Every structure is written in C-alpha cells, then in structure tokens.
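Remarks on the structure that follows.
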Amino acid sequence: MAYWEQTPMGRGYETFFGYYHHATDYYTHRASSWKGPDVCGDVVDLWNTTGPARDRNGTDYIEELFTENSLGILDRHDPNEPLLLFHSFHIVHSPLQVPKNWEDLFAWVPHPARRKYVAMVHYMDHVVGLIVAKLKSK
C-alpha cells in the first residue's frame, strides 16, 4: 500500500483506476509473484479513485478493464476542455498472462513464455490503436 501523497489522487489526478502492487494477476487481480505467494499476502489489488474496485474485481482480463476505463473517459470527455489521460499498461509485465485467443495468434512461436510475451505486445499495440482511433474520432 502507499501513503496518500504517493497515490495518483494525492498527486493531483481527478480519477484513478488501477493497482498499487507491481505484479498483479491479470484475471483475479490478486497481488502475485512469479516465485509463488506474494509477501503482501493474498490480497486483491484493484482500485477505483479512492477505494477498492469491488464491483470490478476478478470480472475480466485486467488490460480489458483498463482499456474500457480509458475509452469511457474519452467518450465522456468534452473535446473543448483540456484532458490529461495517463493509460499505463500493466501488460508485458509478470505474470505472463494473455487471453487464449490472443496467444493462439502466435501458435507458431515454440517457446511458451515467449509466445505469451509476443501476444501481450500485440495486444498492447491493438489497445494503442483503439485509443488513437478514439482520440481521432473526437
């Protein structure tokens, strides 16, 4: 956990949707470690502005939730007003997890970890494209 001053809200952001831990499971949103149980314990680490995102915990692939959140902010934003949108990708970070349909695109990559990594980079590129398209449409 962080002190208030260290959080996005404590640093002046109006909203925040994300986590504080460095390696969160992409599906359960629990703090994880590639070595096994995390030193923080079995905690869910997904936050919405000032409190736990209990209604979103464990509901979908974390990058999908982040993408929906960012695209929703862009949908609701008045283009006549200034906007700072900071979409920080968790993807291509441990644990290596990606939806099966994205990994299947790279079935030809023989090494399982590399295949997941390549699929995660491809997923991230896709999301960047969605955000850019949304911005252009505004």
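By order in the structure tokens, chains are A, B, ...; within a chain, residues start at 1; ligands start at 1, following the order shown.
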With a distance cut-off of 7 Å and only C-alpha atoms, select the neighbouring residues of Ile91 of chain A, excluding the residue or stretch itself and same-chain residues fewer than 2 positions from it, and output the selection as a list of chain:residue names. A:Glu63, A:Phe89, A:His93, A:Met120, A:Met124
Would you mind listing what lies within 7 Å of segment 19-27 of chain A as a VMD selection string, with only C-alpha atoms counted and same-chain residues fewer than 3 positions away left out? chain A and resid 1 30 to 33 45 to 47 58 60 to 62 94 to 95 97
Any chance you could export the current selection's C-alpha atoms as an mmCIF file, in the first residue's frame?
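What ended up in selection.cif:
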```
data_model
loop_
_atom_site.group_PDB
_atom_site.id
_atom_site.type_symbol
_atom_site.label_atom_id
_atom_site.label_comp_id
_atom_site.auth_asym_id
_atom_site.auth_seq_id
_atom_site.Cartn_x
_atom_site.Cartn_y
_atom_site.Cartn_z
ATOM 1 C CA MET A 1 0.000 0.000 0.000
ATOM 2 C CA ARG A 30 -4.668 -10.506 -6.652
ATOM 3 C CA ALA A 31 -1.128 -9.494 -5.791
ATOM 4 C CA SER A 32 1.151 -12.172 -7.201
ATOM 5 C CA SER A 33 4.775 -13.074 -7.613
ATOM 6 C CA ASP A 45 -5.295 -5.038 -5.640
ATOM 7 C CA LEU A 46 -7.677 -3.138 -7.912
ATOM 8 C CA TRP A 47 -8.734 0.390 -7.007
ATOM 9 C CA GLY A 58 -11.998 -10.573 -10.874
ATOM 10 C CA ASP A 60 -12.259 -9.671 -16.679
ATOM 11 C CA TYR A 61 -8.712 -9.550 -18.017
ATOM 12 C CA ILE A 62 -7.172 -6.523 -16.304
ATOM 13 C CA SER A 94 4.856 -10.576 -14.949
ATOM 14 C CA PRO A 95 2.901 -12.706 -14.631
ATOM 15 C CA GLN A 97 -0.926 -13.896 -18.933
#
```
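For the set A:Tyr3, A:Tyr123, A:Tyr13, A:Phe66, the residue with the smallest atom-to-atom gap to Pro99 of chain A is A:Tyr123, counting only C-alpha atoms.
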List every residue of chain A that DSSP, applied to the backbone of this structure, assigns to strand (DSSP E), and report them as a PyMOL selection string. chain A and resi 17-18+47-48+51-52
Emit the selected residues as a PDB file, in the first residue's frame, including N, CA and C atoms.
```
ATOM      1  N   PHE A  17      -7.850   4.428 -11.849  1.00  0.00           N
ATOM      2  CA  PHE A  17      -8.331   3.053 -11.910  1.00  0.00           C
ATOM      3  C   PHE A  17      -7.111   2.186 -12.149  1.00  0.00           C
ATOM      4  N   GLY A  18      -6.720   1.417 -11.153  1.00  0.00           N
ATOM      5  CA  GLY A  18      -5.528   0.607 -11.294  1.00  0.00           C
ATOM      6  C   GLY A  18      -5.177  -0.110 -10.019  1.00  0.00           C
ATOM      7  N   TRP A  47      -8.176  -0.792  -7.659  1.00  0.00           N
ATOM      8  CA  TRP A  47      -8.734   0.390  -7.007  1.00  0.00           C
ATOM      9  C   TRP A  47      -9.399   1.297  -8.030  1.00  0.00           C
ATOM     10  N   ASN A  48     -10.466   1.949  -7.582  1.00  0.00           N
ATOM     11  CA  ASN A  48     -11.167   2.922  -8.409  1.00  0.00           C
ATOM     12  C   ASN A  48     -11.223   4.238  -7.651  1.00  0.00           C
ATOM     13  N   GLY A  51     -11.082   4.075  -3.506  1.00  0.00           N
ATOM     14  CA  GLY A  51     -11.369   2.855  -2.762  1.00  0.00           C
ATOM     15  C   GLY A  51     -11.262   1.617  -3.630  1.00  0.00           C
ATOM     16  N   PRO A  52     -11.417   0.451  -3.011  1.00  0.00           N
ATOM     17  CA  PRO A  52     -11.351  -0.799  -3.766  1.00  0.00           C
ATOM     18  C   PRO A  52     -12.420  -0.852  -4.863  1.00  0.00           C
TER      19      PRO A  52
END
```
From A:Asn80, A:Asn101, A:Thr7, A:Thr28, residue lying nearest Lys138 of chain A [only C-alpha atoms]: A:Asn80
Pick out the residues sitting within 10 Å of Asp75 of chain A, and hand them over as an NGL selection string; count only C-alpha atoms, and ignore anything fewer than 2 positions along from it in its own chain. :A and (69-73 or 77-79 or 134-135 or 137-138)
DSSP-assigned helix (DSSP H, G or I) among chain A, expressed as number ranges by chain: A: 4-6, 9-11, 62-76, 100-104, 112-137
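Here atom CA of Arg76 of chain A is placed at a distance of 20.6 Å from atom CA of Asp55 of chain A.
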